[in-house]
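Asks: This is the structure I want to talk about, given as structure tokens.
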Amino acid sequence: MIEVEESIALDDSGQMQLWARGHVPWGEFVHAVMALLRDGQRSDIPEWVIVQAPVRHLYQRQIPRRGSAVSDTQFLHQETPGQGATPVTVLDFWLPLHPTMTPWASMDRT
């Protein structure tokens with residue numbers, strides 16, 4: 001089973017980015033993301049948003065965070081492997097953290 005994790009934006013924008021460890025095939029990753037959102041009662045994010053969002057295979061490093069953000073670590077993504085970087089699959093689209101922030105809430109895409 002694929003464990004999808006979330007990273008919260010450090011800029012107070014109220015957004016999250018979803019990712020999984022390893023380079024996961026597109027279909028498996030998208031289904032795992034949709035299951036996570038469904039299980040987390042996030043029906044405000046329609047499946048068409050997830051299916052159309054780009055999925056990228058990247059490498060991620062965890063570094064100390066400096067500055068005024070309420071966090072002590074930050075994840076950096078890069079295209080090629082490097083020292084301390086691990087492979088990840090990333091939904092390359094920032095999703096709203098809260099249901100009231102969805103720009104597509106008034107759109108009917110059924």
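All residue names refer to the structure tokens as shown: chains lettered A, B, ... in order, residues numbered from 1 in each chain, ligands numbered from 1 in order.
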Where does DSSP see alpha helix (DSSP H) in segment 5-105 of chain A, if you list the residues as a list in words?
Replies: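 For segment 5-105 of chain A, the alpha helix (DSSP H) set is Trp26, Gly27, Glu28, Phe29, Val30, His31, Ala32, Val33, Met34, Ala35, Leu36, Leu37, Arg38, Asp39, Glu47, Trp48, Val49, Ile50, Val51 and Gln52 of chain A.
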Asks: Do a neighbour search on Glu47 of chain A at 12 Å with only C-alpha atoms, toss out local chain neighbours closer than 4 positions, and write the hits as a PyMOL selection string.
Replies: chain A and resi 30-38+42-43+51-53+104+109-110
Asks: Just the residues within 7 Å of Met16 of chain A, please, counting only C-alpha atoms, with nothing from its chain fewer than 4 positions along; format it as an MDAnalysis selection string.
Replies: chainID A and resid 6:9 94:97
Asks: How about saving the chosen residues, C-alpha atoms kept, as a short mmCIF file (atom, residue, chain, number, x, y, z; two decimals), in the first residue's frame?
Replies:
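As a result, again_19.cif now contains:
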data_model
loop_
_atom_site.label_atom_id
_atom_site.label_comp_id
_atom_site.auth_asym_id
_atom_site.auth_seq_id
_atom_site.Cartn_x
_atom_site.Cartn_y
_atom_site.Cartn_z
CA GLU A 6 1.39 15.91 2.91
CA SER A 7 3.63 18.92 3.15
CA ILE A 8 2.14 22.19 4.35
CA ALA A 9 3.22 25.43 2.67
CA TRP A 94 -0.74 22.78 -4.32
CA LEU A 95 -4.16 21.90 -2.90
CA PRO A 96 -6.14 24.05 -0.47
CA LEU A 97 -5.66 22.93 3.11
#
Asks: Have a look at A:Val4, A:Ala20, A:Gln60, A:Leu91 and name the one nearest to Glu79 of chain A; count only C-alpha atoms.
Replies: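 When distances to Glu79 of chain A are compared using only C-alpha atoms, the smallest one comes from A:Gln60.
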Asks: Between A:Val90, A:Ala85, A:Leu58, A:Leu76, which is the closest to Phe29 of chain A once you count only C-alpha atoms?
Replies: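 When distances to Phe29 of chain A are compared using only C-alpha atoms, the smallest one comes from A:Val90.
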Asks: From a DSSP calculation on the backbone, collect every residue of chain A in strand (DSSP E or B) and output the set as a PyMOL selection string.
Replies: chain A and resi 4-8+15-21+55-64+73-78+86-91+95-96
Asks: Could you please determine the separation between atom CA of Gly82 of chain A and atom CA of Ile2 of chain A in Å, to one decimal place?
Replies: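 The value is 23.7 Å.
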Asks: Mind pulling up the distance from atom CA of Asp44 of chain A to atom CA of Pro87 of chain A?
Replies: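 Those two atoms sit 29.5 Å apart.
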Asks: Which residue gives the smallest distance to Arg56 of chain A among A:Thr89, A:Gln74, A:Gln83, A:Gln41, with only C-alpha atoms counted?
Replies: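 So, comparing all the options, the nearest one is A:Thr89.
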